[in-house]
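Content type PDB, C-alpha atoms, from the file start35.pdb:
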```pdb
MODEL        1
ATOM      1  CA  MET A1330      29.855  -7.918 -11.619  1.00  0.00           C
ATOM      2  CA  ARG A1331      26.272  -7.842 -10.389  1.00  0.00           C
ATOM      3  CA  SER A1332      24.910  -4.595  -8.986  1.00  0.00           C
ATOM      4  CA  GLU A1333      23.317  -4.477  -5.541  1.00  0.00           C
ATOM      5  CA  LEU A1334      20.221  -2.931  -7.118  1.00  0.00           C
ATOM      6  CA  LEU A1335      17.896  -4.153  -9.856  1.00  0.00           C
ATOM      7  CA  ILE A1336      15.697  -1.798 -11.875  1.00  0.00           C
ATOM      8  CA  ILE A1337      12.451  -3.643 -12.674  1.00  0.00           C
ATOM      9  CA  ILE A1338      10.677  -2.244 -15.747  1.00  0.00           C
ATOM     10  CA  PRO A1339       7.186  -3.731 -16.253  1.00  0.00           C
ATOM     11  CA  ALA A1340       6.127  -3.084 -19.854  1.00  0.00           C
ATOM     12  CA  TYR A1341       2.821  -3.600 -21.614  1.00  0.00           C
ATOM     13  CA  ASN A1342       2.479  -2.285 -25.182  1.00  0.00           C
ATOM     14  CA  GLU A1343       5.354   0.178 -24.807  1.00  0.00           C
ATOM     15  CA  GLU A1344       6.963  -0.203 -28.243  1.00  0.00           C
ATOM     16  CA  GLU A1345       7.143   3.586 -28.631  1.00  0.00           C
ATOM     17  CA  ASN A1346       8.882   4.185 -25.300  1.00  0.00           C
ATOM     18  CA  ILE A1347      10.906   1.141 -24.316  1.00  0.00           C
ATOM     19  CA  GLU A1348      14.029   1.929 -26.374  1.00  0.00           C
ATOM     20  CA  ASN A1349      14.390   5.431 -24.971  1.00  0.00           C
ATOM     21  CA  VAL A1350      13.897   4.238 -21.390  1.00  0.00           C
ATOM     22  CA  VAL A1351      16.285   1.272 -21.510  1.00  0.00           C
ATOM     23  CA  ASN A1352      18.949   2.924 -23.679  1.00  0.00           C
ATOM     24  CA  TYR A1353      19.150   5.865 -21.285  1.00  0.00           C
ATOM     25  CA  ILE A1354      19.703   3.508 -18.343  1.00  0.00           C
ATOM     26  CA  ILE A1355      22.316   1.496 -20.263  1.00  0.00           C
ATOM     27  CA  GLN A1356      24.190   4.608 -21.353  1.00  0.00           C
ATOM     28  CA  LYS A1357      24.028   6.721 -18.190  1.00  0.00           C
ATOM     29  CA  TYR A1358      23.460   4.352 -15.261  1.00  0.00           C
ATOM     30  CA  THR A1359      25.710   1.350 -15.777  1.00  0.00           C
ATOM     31  CA  GLN A1360      26.117   0.969 -11.995  1.00  0.00           C
ATOM     32  CA  TYR A1361      22.631  -0.577 -11.857  1.00  0.00           C
ATOM     33  CA  ASP A1362      21.241  -3.784 -13.335  1.00  0.00           C
ATOM     34  CA  TYR A1363      17.847  -3.812 -15.017  1.00  0.00           C
ATOM     35  CA  ILE A1364      15.238  -6.247 -16.271  1.00  0.00           C
ATOM     36  CA  VAL A1365      12.353  -5.514 -18.647  1.00  0.00           C
ATOM     37  CA  VAL A1366       9.282  -7.549 -17.705  1.00  0.00           C
ATOM     38  CA  ASN A1367       7.250  -7.784 -20.891  1.00  0.00           C
ATOM     39  CA  ASP A1368       3.698  -8.365 -19.685  1.00  0.00           C
ATOM     40  CA  GLY A1369       2.314 -10.243 -22.665  1.00  0.00           C
ATOM     41  CA  SER A1370       2.395  -7.163 -24.894  1.00  0.00           C
ATOM     42  CA  LYS A1371       0.378  -7.285 -28.122  1.00  0.00           C
ATOM     43  CA  ASP A1372       2.676  -4.849 -29.918  1.00  0.00           C
ATOM     44  CA  ARG A1373       6.431  -5.103 -30.692  1.00  0.00           C
ATOM     45  CA  THR A1374       7.695  -4.481 -27.148  1.00  0.00           C
ATOM     46  CA  ALA A1375       9.131  -7.998 -26.776  1.00  0.00           C
ATOM     47  CA  GLU A1376      10.555  -8.052 -30.315  1.00  0.00           C
ATOM     48  CA  ILE A1377      12.335  -4.744 -29.775  1.00  0.00           C
ATOM     49  CA  CYS A1378      13.836  -5.965 -26.500  1.00  0.00           C
ATOM     50  CA  LYS A1379      15.094  -9.142 -28.176  1.00  0.00           C
ATOM     51  CA  GLU A1380      16.479  -7.261 -31.188  1.00  0.00           C
ATOM     52  CA  LYS A1381      18.343  -4.823 -28.947  1.00  0.00           C
ATOM     53  CA  GLY A1382      19.638  -7.541 -26.642  1.00  0.00           C
ATOM     54  CA  TYR A1383      17.964  -6.089 -23.551  1.00  0.00           C
ATOM     55  CA  GLU A1384      17.723  -8.093 -20.338  1.00  0.00           C
ATOM     56  CA  LEU A1385      14.206  -9.488 -20.686  1.00  0.00           C
ATOM     57  CA  LEU A1386      11.724 -11.501 -18.672  1.00  0.00           C
ATOM     58  CA  ASN A1387       9.088 -12.346 -21.270  1.00  0.00           C
ATOM     59  CA  LEU A1388       5.694 -13.299 -19.825  1.00  0.00           C
ATOM     60  CA  PRO A1389       3.613 -15.331 -22.314  1.00  0.00           C
ATOM     61  CA  VAL A1390       0.307 -13.766 -21.237  1.00  0.00           C
ATOM     62  CA  ASN A1391      -0.794 -10.448 -19.810  1.00  0.00           C
ATOM     63  CA  LEU A1392      -0.850 -10.663 -15.994  1.00  0.00           C
ATOM     64  CA  GLY A1393      -1.485  -7.001 -15.338  1.00  0.00           C
ATOM     65  CA  LEU A1394       0.786  -4.634 -13.420  1.00  0.00           C
ATOM     66  CA  ALA A1395       0.558  -6.611 -10.172  1.00  0.00           C
ATOM     67  CA  GLY A1396       1.584  -9.856 -11.896  1.00  0.00           C
ATOM     68  CA  ALA A1397       4.412  -8.272 -13.861  1.00  0.00           C
ATOM     69  CA  PHE A1398       5.636  -6.447 -10.777  1.00  0.00           C
ATOM     70  CA  GLN A1399       5.690  -9.632  -8.730  1.00  0.00           C
ATOM     71  CA  ALA A1400       7.441 -11.541 -11.514  1.00  0.00           C
ATOM     72  CA  GLY A1401      10.172  -8.904 -11.440  1.00  0.00           C
ATOM     73  CA  LEU A1402      10.543  -9.173  -7.672  1.00  0.00           C
ATOM     74  CA  LYS A1403      10.667 -12.967  -7.890  1.00  0.00           C
ATOM     75  CA  TYR A1404      13.517 -12.560 -10.373  1.00  0.00           C
ATOM     76  CA  ALA A1405      15.267 -10.118  -8.013  1.00  0.00           C
ATOM     77  CA  TYR A1406      14.823 -12.552  -5.116  1.00  0.00           C
ATOM     78  CA  GLU A1407      16.124 -15.551  -7.039  1.00  0.00           C
ATOM     79  CA  LYS A1408      19.162 -13.596  -8.258  1.00  0.00           C
ATOM     80  CA  GLY A1409      19.975 -12.346  -4.762  1.00  0.00           C
ATOM     81  CA  TYR A1410      19.662  -8.579  -5.242  1.00  0.00           C
ATOM     82  CA  THR A1411      19.822  -6.441  -2.113  1.00  0.00           C
ATOM     83  CA  TYR A1412      17.519  -3.738  -3.477  1.00  0.00           C
ATOM     84  CA  ALA A1413      14.991  -3.443  -6.297  1.00  0.00           C
ATOM     85  CA  ILE A1414      13.094  -0.502  -7.721  1.00  0.00           C
ATOM     86  CA  GLN A1415       9.885  -0.458  -9.731  1.00  0.00           C
ATOM     87  CA  PHE A1416      10.420   1.751 -12.787  1.00  0.00           C
ATOM     88  CA  ASP A1417       7.861   2.762 -15.429  1.00  0.00           C
ATOM     89  CA  ALA A1418       8.446   1.843 -19.075  1.00  0.00           C
ATOM     90  CA  ASP A1419       6.679   4.957 -20.371  1.00  0.00           C
ATOM     91  CA  GLY A1420       9.451   7.438 -19.596  1.00  0.00           C
ATOM     92  CA  GLN A1421       7.801   9.123 -16.613  1.00  0.00           C
ATOM     93  CA  HIS A1422      10.332   7.986 -14.019  1.00  0.00           C
ATOM     94  CA  ARG A1423      13.749   9.644 -13.983  1.00  0.00           C
ATOM     95  CA  PRO A1424      16.748   7.464 -13.048  1.00  0.00           C
ATOM     96  CA  GLU A1425      18.743  10.312 -11.519  1.00  0.00           C
ATOM     97  CA  PHE A1426      16.553   9.959  -8.439  1.00  0.00           C
ATOM     98  CA  ILE A1427      17.522   6.325  -7.884  1.00  0.00           C
ATOM     99  CA  GLU A1428      20.713   7.312  -6.051  1.00  0.00           C
ATOM    100  CA  PRO A1429      19.017   9.478  -3.368  1.00  0.00           C
ATOM    101  CA  MET A1430      16.371   6.785  -2.913  1.00  0.00           C
ATOM    102  CA  LEU A1431      19.100   4.175  -2.500  1.00  0.00           C
ATOM    103  CA  LYS A1432      20.878   6.368   0.025  1.00  0.00           C
ATOM    104  CA  ARG A1433      17.653   6.741   1.993  1.00  0.00           C
ATOM    105  CA  ILE A1434      16.779   3.033   2.066  1.00  0.00           C
ATOM    106  CA  LYS A1435      20.274   2.266   3.383  1.00  0.00           C
ATOM    107  CA  GLU A1436      19.393   4.331   6.452  1.00  0.00           C
ATOM    108  CA  GLY A1437      17.271   1.374   7.550  1.00  0.00           C
ATOM    109  CA  TYR A1438      13.985   1.684   5.670  1.00  0.00           C
ATOM    110  CA  ASP A1439      12.075  -1.203   4.103  1.00  0.00           C
ATOM    111  CA  ILE A1440      10.448   0.779   1.274  1.00  0.00           C
ATOM    112  CA  VAL A1441      11.301   4.195  -0.164  1.00  0.00           C
ATOM    113  CA  ILE A1442       8.765   5.961  -2.367  1.00  0.00           C
ATOM    114  CA  GLY A1443       9.780   8.433  -5.052  1.00  0.00           C
ATOM    115  CA  SER A1444       7.290  11.154  -4.150  1.00  0.00           C
ATOM    116  CA  ARG A1445       6.113  14.123  -6.181  1.00  0.00           C
ATOM    117  CA  PHE A1446       4.675  15.831  -3.105  1.00  0.00           C
ATOM    118  CA  VAL A1447       7.169  15.739  -0.219  1.00  0.00           C
ATOM    119  CA  GLU A1448       8.159  19.355  -0.795  1.00  0.00           C
ATOM    120  CA  GLU A1449       5.318  20.546  -2.980  1.00  0.00           C
ATOM    121  CA  ARG A1450       1.767  19.608  -3.855  1.00  0.00           C
ATOM    122  CA  LYS A1451       0.132  20.404  -7.167  1.00  0.00           C
ATOM    123  CA  LYS A1452      -3.589  21.096  -7.143  1.00  0.00           C
ATOM    124  CA  GLY A1453      -6.516  20.721  -9.446  1.00  0.00           C
ATOM    125  CA  SER A1454      -6.385  17.423 -11.343  1.00  0.00           C
ATOM    126  CA  MET A1455      -8.503  14.411 -10.460  1.00  0.00           C
ATOM    127  CA  ARG A1456      -5.355  12.365  -9.898  1.00  0.00           C
ATOM    128  CA  MET A1457      -3.957  14.867  -7.388  1.00  0.00           C
ATOM    129  CA  ILE A1458      -7.275  15.119  -5.554  1.00  0.00           C
ATOM    130  CA  GLY A1459      -7.521  11.335  -5.417  1.00  0.00           C
ATOM    131  CA  SER A1460      -3.945  11.035  -4.155  1.00  0.00           C
ATOM    132  CA  ARG A1461      -4.708  13.537  -1.400  1.00  0.00           C
ATOM    133  CA  MET A1462      -7.752  11.504  -0.337  1.00  0.00           C
ATOM    134  CA  LEU A1463      -5.635   8.355  -0.129  1.00  0.00           C
ATOM    135  CA  THR A1464      -3.040  10.230   1.928  1.00  0.00           C
ATOM    136  CA  ILE A1465      -5.757  11.198   4.414  1.00  0.00           C
ATOM    137  CA  ALA A1466      -7.147   7.644   4.530  1.00  0.00           C
ATOM    138  CA  ILE A1467      -3.705   6.149   5.220  1.00  0.00           C
ATOM    139  CA  LYS A1468      -3.067   8.769   7.910  1.00  0.00           C
ATOM    140  CA  MET A1469      -6.409   7.942   9.547  1.00  0.00           C
ATOM    141  CA  THR A1470      -5.749   4.201   9.632  1.00  0.00           C
ATOM    142  CA  THR A1471      -2.011   4.081  10.350  1.00  0.00           C
ATOM    143  CA  GLY A1472      -1.140   7.429  11.934  1.00  0.00           C
ATOM    144  CA  ILE A1473       1.543   7.942   9.286  1.00  0.00           C
ATOM    145  CA  ARG A1474       1.434  10.443   6.430  1.00  0.00           C
ATOM    146  CA  VAL A1475       2.403   9.202   2.975  1.00  0.00           C
ATOM    147  CA  ALA A1476       2.494  12.219   0.671  1.00  0.00           C
ATOM    148  CA  ASP A1477       2.357  10.319  -2.638  1.00  0.00           C
ATOM    149  CA  PRO A1478       0.744   6.888  -2.130  1.00  0.00           C
ATOM    150  CA  THR A1479      -0.002   6.460  -5.854  1.00  0.00           C
ATOM    151  CA  SER A1480       3.608   6.838  -6.974  1.00  0.00           C
ATOM    152  CA  GLY A1481       4.781   3.791  -8.909  1.00  0.00           C
ATOM    153  CA  MET A1482       8.438   4.588  -8.277  1.00  0.00           C
ATOM    154  CA  ARG A1483       9.155   2.468  -5.209  1.00  0.00           C
ATOM    155  CA  MET A1484      12.363   0.915  -3.919  1.00  0.00           C
ATOM    156  CA  PHE A1485      12.396  -2.262  -1.812  1.00  0.00           C
ATOM    157  CA  SER A1486      14.897  -3.689   0.649  1.00  0.00           C
ATOM    158  CA  LYS A1487      16.061  -7.297   0.567  1.00  0.00           C
ATOM    159  CA  SER A1488      13.516  -8.376   3.172  1.00  0.00           C
ATOM    160  CA  MET A1489      10.700  -6.707   1.235  1.00  0.00           C
ATOM    161  CA  ILE A1490      11.857  -8.307  -2.022  1.00  0.00           C
ATOM    162  CA  GLU A1491      11.525 -11.687  -0.346  1.00  0.00           C
ATOM    163  CA  GLU A1492       8.140 -10.904   1.185  1.00  0.00           C
ATOM    164  CA  PHE A1493       6.637  -9.573  -2.040  1.00  0.00           C
ATOM    165  CA  ALA A1494       8.138 -12.402  -4.085  1.00  0.00           C
ATOM    166  CA  GLN A1495       6.631 -15.072  -1.872  1.00  0.00           C
ATOM    167  CA  ASN A1496       3.243 -13.540  -1.071  1.00  0.00           C
ATOM    168  CA  MET A1497       0.680 -13.553  -3.884  1.00  0.00           C
ATOM    169  CA  ASN A1498      -1.495 -11.187  -1.877  1.00  0.00           C
ATOM    170  CA  TYR A1499       0.865  -8.229  -2.342  1.00  0.00           C
ATOM    171  CA  GLY A1500       0.383  -5.797  -5.215  1.00  0.00           C
ATOM    172  CA  PRO A1501       2.020  -2.465  -6.072  1.00  0.00           C
ATOM    173  CA  GLU A1502      -0.926  -0.453  -4.737  1.00  0.00           C
ATOM    174  CA  PRO A1503      -1.566   2.168  -2.014  1.00  0.00           C
ATOM    175  CA  ASP A1504      -3.607  -0.276   0.063  1.00  0.00           C
ATOM    176  CA  THR A1505      -0.577  -2.571   0.321  1.00  0.00           C
ATOM    177  CA  ILE A1506       1.463   0.392   1.573  1.00  0.00           C
ATOM    178  CA  SER A1507      -1.235   1.052   4.174  1.00  0.00           C
ATOM    179  CA  TYR A1508      -1.311  -2.598   5.208  1.00  0.00           C
ATOM    180  CA  LEU A1509       2.460  -2.828   5.565  1.00  0.00           C
ATOM    181  CA  LEU A1510       2.571   0.354   7.644  1.00  0.00           C
ATOM    182  CA  LYS A1511       0.045  -1.190  10.023  1.00  0.00           C
ATOM    183  CA  ASN A1512       2.386  -4.150  10.372  1.00  0.00           C
ATOM    184  CA  GLY A1513       5.446  -2.124  11.282  1.00  0.00           C
ATOM    185  CA  THR A1514       7.123  -1.717   7.887  1.00  0.00           C
ATOM    186  CA  LYS A1515       9.393   1.331   7.790  1.00  0.00           C
ATOM    187  CA  ILE A1516       8.536   3.498   4.790  1.00  0.00           C
ATOM    188  CA  SER A1517      10.102   6.794   3.736  1.00  0.00           C
ATOM    189  CA  GLU A1518       9.725   9.206   0.799  1.00  0.00           C
ATOM    190  CA  VAL A1519      12.226  11.086  -1.333  1.00  0.00           C
ATOM    191  CA  GLN A1520      11.239  14.078  -3.440  1.00  0.00           C
ATOM    192  CA  VAL A1521      11.424  13.321  -7.175  1.00  0.00           C
ATOM    193  CA  LYS A1522      10.262  14.861 -10.412  1.00  0.00           C
ATOM    194  CA  MET A1523       8.433  12.886 -13.063  1.00  0.00           C
ATOM    195  CA  GLU A1524       7.949  13.461 -16.772  1.00  0.00           C
ATOM    196  CA  GLU A1525       4.765  13.245 -18.792  1.00  0.00           C
ATOM    197  CA  ARG A1526       4.295  10.125 -20.906  1.00  0.00           C
ATOM    198  CA  LEU A1527       5.861  10.823 -24.324  1.00  0.00           C
ATOM    199  CA  TYR A1528       4.003   8.277 -26.461  1.00  0.00           C
ATOM    200  CA  GLY A1529       0.976   6.043 -26.117  1.00  0.00           C
ATOM    201  CA  GLU A1530      -1.831   6.338 -23.605  1.00  0.00           C
ATOM    202  CA  SER A1531      -2.178   5.320 -19.982  1.00  0.00           C
ATOM    203  CA  TYR A1532      -4.760   2.648 -19.194  1.00  0.00           C
ATOM    204  CA  LEU A1533      -6.144   5.010 -16.535  1.00  0.00           C
ATOM    205  CA  ASN A1534      -8.670   7.405 -18.065  1.00  0.00           C
ATOM    206  CA  LEU A1535     -10.909   9.708 -16.012  1.00  0.00           C
ATOM    207  CA  LEU A1536     -13.535   7.055 -15.273  1.00  0.00           C
ATOM    208  CA  SER A1537     -11.085   4.263 -14.491  1.00  0.00           C
ATOM    209  CA  SER A1538      -9.015   6.639 -12.323  1.00  0.00           C
ATOM    210  CA  ALA A1539     -12.090   7.555 -10.278  1.00  0.00           C
ATOM    211  CA  ARG A1540     -13.024   3.879  -9.912  1.00  0.00           C
ATOM    212  CA  TYR A1541      -9.476   3.005  -8.913  1.00  0.00           C
ATOM    213  CA  MET A1542      -9.355   5.712  -6.237  1.00  0.00           C
ATOM    214  CA  LEU A1543     -12.713   4.604  -4.820  1.00  0.00           C
ATOM    215  CA  ASN A1544     -11.591   0.963  -4.650  1.00  0.00           C
ATOM    216  CA  MET A1545      -8.367   1.986  -2.901  1.00  0.00           C
ATOM    217  CA  LEU A1546     -10.238   4.113  -0.362  1.00  0.00           C
ATOM    218  CA  ILE A1547     -12.596   1.265   0.492  1.00  0.00           C
ATOM    219  CA  SER A1548      -9.688  -1.142   0.790  1.00  0.00           C
ATOM    220  CA  ILE A1549      -7.609   1.167   3.005  1.00  0.00           C
ATOM    221  CA  LEU A1550     -10.463   2.154   5.305  1.00  0.00           C
ATOM    222  CA  PHE A1551     -12.144  -1.235   5.645  1.00  0.00           C
ATOM    223  CA  VAL A1552     -10.639  -4.271   3.899  1.00  0.00           C
ATOM    224  CA  GLN A1553      -7.113  -3.970   5.340  1.00  0.00           C
ATOM    225  CA  ASN A1554      -8.482  -4.531   8.852  1.00  0.00           C
ATOM    226  CA  PHE A1555      -9.159  -8.163   7.894  1.00  0.00           C
ATOM    227  CA  ARG A1556      -6.050  -8.837   5.867  1.00  0.00           C
ATOM    228  CA  LYS A1557      -3.660 -11.501   7.145  1.00  0.00           C
ATOM    229  CA  ARG A1558       0.128 -11.379   6.901  1.00  0.00           C
ATOM    230  CA  PHE A1559       1.884 -14.638   6.105  1.00  0.00           C
TER     231      PHE A1559
ENDMDL
END
```
Just dump the structure as structure tokens.
Amino acid sequence: MRSELLIIIPAYNEEENIENVVNYIIQKYTQYDYIVVNDGSKDRTAEICKEKGYELLNLPVNLGLAGAFQAGLKYAYEKGYTYAIQFDADGQHRPEFIEPMLKRIKEGYDIVIGSRFVEERKKGSMRMIGSRMLTIAIKMTTGIRVADPTSGMRMFSKSMIEEFAQNMNYGPEPDTISYLLKNGTKISEVQVKMEERLYGESYLNLLSSARYMLNMLISILFVQNFRKRF
């Protein structure tokens, strides 16, 4: 019997993490369906998924996070899921927080963000400073405070699954959250805890993180004013 919720796991070169992430979901959270979206990995990510018999959407080339994310939502849309959640393949996201996020979205929200900062805010790192700046920018342009706009743990309602699946202009980024808020989308946050990556390295180093934050700030403050919704 199909679950009402699909866990979408975009994966690029996650051969060291993918077994732990998927096996834990299979063993402990059988009430949810999942799909690994292998984003043209150059390592053994796809081979491991095939060997283990995981549910797999195998992209032949690397599309980047936005492309893999949208492929997963297209799959969710075509299969008729009511809810879908973006879930990291590196072990940082914890599935025990899916249930409270699901409970929240059923209260009538379109998107629920798994936030590290609803109840507390860590200080000091470049990432946290950048996240705070994006929070201020979104507040300035929408009037709504989003405590953790960079969180990749996001749950989507059926209407949002359809909109993201059919609109190539939507990516899993803070500026999309800002844009949707301007257009009346109801977004909420649930406090979660996240783990540190166990193996491998994130594609975001100090320089790329700073560049990313700058691009998001420019987009939120200026570009979104000219964006069209289809």
### Task
Check what the PyMOL selection byres ((chain A and resi 1408) around 12) selects in the file above and give those residues as a ChimeraX atom specification.
/A:1331-1335,1362-1364,1401-1407,1409-1413,1487,1490-1491,1494
### Query
Which of these, A:Ile1414, A:Lys1381, A:Asn1367, A:Ser1538, has the shortest distance to A:Ile1458 once you count only C-alpha atoms?
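Using only C-alpha atoms, the shortest distance to A:Ile1458 belongs to A:Ser1538.
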#### Entry: Distance of atom CA of A:Glu1428 from atom CA of A:Gln1356, expressed in Å to one decimal place
15.9 Å
### Query
Of the candidates A:Ile1355, A:Thr1471, A:Arg1540, A:Asp1477, which one gets nearest to A:Asn1512 if we count only C-alpha atoms?
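Looking only at the distances to A:Asn1512, the closest residue turns out to be A:Thr1471.
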### Task
Could you please determine the separation between atom CA of A:Pro1501 and atom CA of A:Gly1481 in Å, to one decimal place?
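Between these atoms lies a distance of 7.4 Å.
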### Query
Written as an NGL selection string, what is the full residue list that the PyMOL selection byres ((chain A and resi 1502-1509) around 8) yields on the file shown?
:A and (1463 or 1467 or 1470-1471 or 1478-1479 or 1499-1501 or 1510-1514 or 1545-1546 or 1548-1549 or 1553 or 1556)
### Task
Just say which residues the PyMOL selection byres ((chain A and resi 1390) around 9) picks in this file, as a ChimeraX atom specification.
/A:1368-1370,1387-1389,1391-1392
#### Entry: Selection near A:Ile1354, 10 Å with all atoms listed in the file, sequence-local residues under 3 positions removed, as a list in words
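After dropping sequence-adjacent residues, the list is Ile1336, Glu1348, Asn1349, Val1350, Val1351, Lys1357, Tyr1358, Thr1359, Gln1360, Tyr1361, Asp1362, Tyr1363, Arg1423, Pro1424 and Glu1425 of chain A.
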Per-axis box centre and lengths in Å around stretch 1545-1549 of chain A, 8 Å margin per side, axis-aligned, as JSON:
```
{"center_x": -10.1, "center_y": 1.5, "center_z": 0.1, "size_x": 21.0, "size_y": 21.3, "size_z": 21.9}
```
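Interatomic distance, atom CA of A:Phe1551 to atom CA of A:Gln1415: 26.9 Å.
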#### Entry: Residue with smallest distance to A:Gly1459 - pool A:Ile1427, A:Leu1543, A:Leu1385, A:Met1523, counting all atoms listed in the file
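Smallest separation from A:Gly1459 among the options: A:Leu1543.
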### Query
Quick one: of A:Tyr1541, A:Phe1555, A:Phe1493, A:Tyr1353, who's nearest to A:His1422, counting only C-alpha atoms?
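Of A:Tyr1541, A:Phe1555, A:Phe1493, A:Tyr1353, the one nearest A:His1422, counting only C-alpha atoms, is A:Tyr1353.
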Could you model N, CA, C and O atoms for stretch 1394-1411 of chain A and present them as a PDB file, in the coordinates of the input?
```pdb
ATOM      1  N   LEU A1394      -0.361  -5.251 -14.103  1.00  0.00           N
ATOM      2  CA  LEU A1394       0.786  -4.634 -13.420  1.00  0.00           C
ATOM      3  C   LEU A1394       1.198  -5.426 -12.186  1.00  0.00           C
ATOM      4  O   LEU A1394       2.387  -5.629 -11.947  1.00  0.00           O
ATOM      5  N   ALA A1395       0.227  -5.885 -11.397  1.00  0.00           N
ATOM      6  CA  ALA A1395       0.558  -6.611 -10.172  1.00  0.00           C
ATOM      7  C   ALA A1395       1.336  -7.884 -10.486  1.00  0.00           C
ATOM      8  O   ALA A1395       2.331  -8.201  -9.826  1.00  0.00           O
ATOM      9  N   GLY A1396       0.906  -8.618 -11.519  1.00  0.00           N
ATOM     10  CA  GLY A1396       1.584  -9.856 -11.896  1.00  0.00           C
ATOM     11  C   GLY A1396       2.969  -9.607 -12.443  1.00  0.00           C
ATOM     12  O   GLY A1396       3.924 -10.330 -12.110  1.00  0.00           O
ATOM     13  N   ALA A1397       3.107  -8.597 -13.292  1.00  0.00           N
ATOM     14  CA  ALA A1397       4.412  -8.272 -13.861  1.00  0.00           C
ATOM     15  C   ALA A1397       5.367  -7.777 -12.785  1.00  0.00           C
ATOM     16  O   ALA A1397       6.557  -8.131 -12.763  1.00  0.00           O
ATOM     17  N   PHE A1398       4.853  -6.973 -11.894  1.00  0.00           N
ATOM     18  CA  PHE A1398       5.636  -6.447 -10.777  1.00  0.00           C
ATOM     19  C   PHE A1398       6.147  -7.588  -9.897  1.00  0.00           C
ATOM     20  O   PHE A1398       7.336  -7.642  -9.548  1.00  0.00           O
ATOM     21  N   GLN A1399       5.267  -8.520  -9.578  1.00  0.00           N
ATOM     22  CA  GLN A1399       5.690  -9.632  -8.730  1.00  0.00           C
ATOM     23  C   GLN A1399       6.676 -10.549  -9.454  1.00  0.00           C
ATOM     24  O   GLN A1399       7.620 -11.061  -8.842  1.00  0.00           O
ATOM     25  N   ALA A1400       6.480 -10.735 -10.751  1.00  0.00           N
ATOM     26  CA  ALA A1400       7.441 -11.541 -11.514  1.00  0.00           C
ATOM     27  C   ALA A1400       8.830 -10.913 -11.448  1.00  0.00           C
ATOM     28  O   ALA A1400       9.839 -11.619 -11.309  1.00  0.00           O
ATOM     29  N   GLY A1401       8.887  -9.590 -11.544  1.00  0.00           N
ATOM     30  CA  GLY A1401      10.172  -8.904 -11.440  1.00  0.00           C
ATOM     31  C   GLY A1401      10.811  -9.067 -10.074  1.00  0.00           C
ATOM     32  O   GLY A1401      12.029  -9.260  -9.961  1.00  0.00           O
ATOM     33  N   LEU A1402       9.998  -9.009  -9.010  1.00  0.00           N
ATOM     34  CA  LEU A1402      10.543  -9.173  -7.672  1.00  0.00           C
ATOM     35  C   LEU A1402      10.945 -10.619  -7.404  1.00  0.00           C
ATOM     36  O   LEU A1402      11.900 -10.877  -6.660  1.00  0.00           O
ATOM     37  N   LYS A1403      10.247 -11.580  -7.995  1.00  0.00           N
ATOM     38  CA  LYS A1403      10.667 -12.967  -7.890  1.00  0.00           C
ATOM     39  C   LYS A1403      12.034 -13.155  -8.540  1.00  0.00           C
ATOM     40  O   LYS A1403      12.908 -13.872  -8.020  1.00  0.00           O
ATOM     41  N   TYR A1404      12.223 -12.516  -9.685  1.00  0.00           N
ATOM     42  CA  TYR A1404      13.517 -12.560 -10.373  1.00  0.00           C
ATOM     43  C   TYR A1404      14.600 -11.953  -9.483  1.00  0.00           C
ATOM     44  O   TYR A1404      15.690 -12.511  -9.330  1.00  0.00           O
ATOM     45  N   ALA A1405      14.298 -10.781  -8.887  1.00  0.00           N
ATOM     46  CA  ALA A1405      15.267 -10.118  -8.013  1.00  0.00           C
ATOM     47  C   ALA A1405      15.613 -11.002  -6.814  1.00  0.00           C
ATOM     48  O   ALA A1405      16.772 -11.079  -6.395  1.00  0.00           O
ATOM     49  N   TYR A1406      14.615 -11.670  -6.264  1.00  0.00           N
ATOM     50  CA  TYR A1406      14.823 -12.552  -5.116  1.00  0.00           C
ATOM     51  C   TYR A1406      15.691 -13.747  -5.487  1.00  0.00           C
ATOM     52  O   TYR A1406      16.645 -14.091  -4.782  1.00  0.00           O
ATOM     53  N   GLU A1407      15.376 -14.367  -6.611  1.00  0.00           N
ATOM     54  CA  GLU A1407      16.124 -15.551  -7.039  1.00  0.00           C
ATOM     55  C   GLU A1407      17.575 -15.221  -7.388  1.00  0.00           C
ATOM     56  O   GLU A1407      18.478 -16.046  -7.206  1.00  0.00           O
ATOM     57  N   LYS A1408      17.801 -14.003  -7.886  1.00  0.00           N
ATOM     58  CA  LYS A1408      19.162 -13.596  -8.258  1.00  0.00           C
ATOM     59  C   LYS A1408      19.945 -13.001  -7.093  1.00  0.00           C
ATOM     60  O   LYS A1408      21.129 -12.694  -7.225  1.00  0.00           O
ATOM     61  N   GLY A1409      19.277 -12.793  -5.958  1.00  0.00           N
ATOM     62  CA  GLY A1409      19.975 -12.346  -4.762  1.00  0.00           C
ATOM     63  C   GLY A1409      20.258 -10.852  -4.675  1.00  0.00           C
ATOM     64  O   GLY A1409      21.206 -10.444  -3.982  1.00  0.00           O
ATOM     65  N   TYR A1410      19.444 -10.026  -5.321  1.00  0.00           N
ATOM     66  CA  TYR A1410      19.662  -8.579  -5.242  1.00  0.00           C
ATOM     67  C   TYR A1410      19.320  -8.056  -3.848  1.00  0.00           C
ATOM     68  O   TYR A1410      18.394  -8.553  -3.194  1.00  0.00           O
ATOM     69  N   THR A1411      20.059  -7.052  -3.423  1.00  0.00           N
ATOM     70  CA  THR A1411      19.822  -6.441  -2.113  1.00  0.00           C
ATOM     71  C   THR A1411      18.694  -5.434  -2.163  1.00  0.00           C
ATOM     72  O   THR A1411      17.932  -5.285  -1.201  1.00  0.00           O
TER      73      THR A1411
END
```
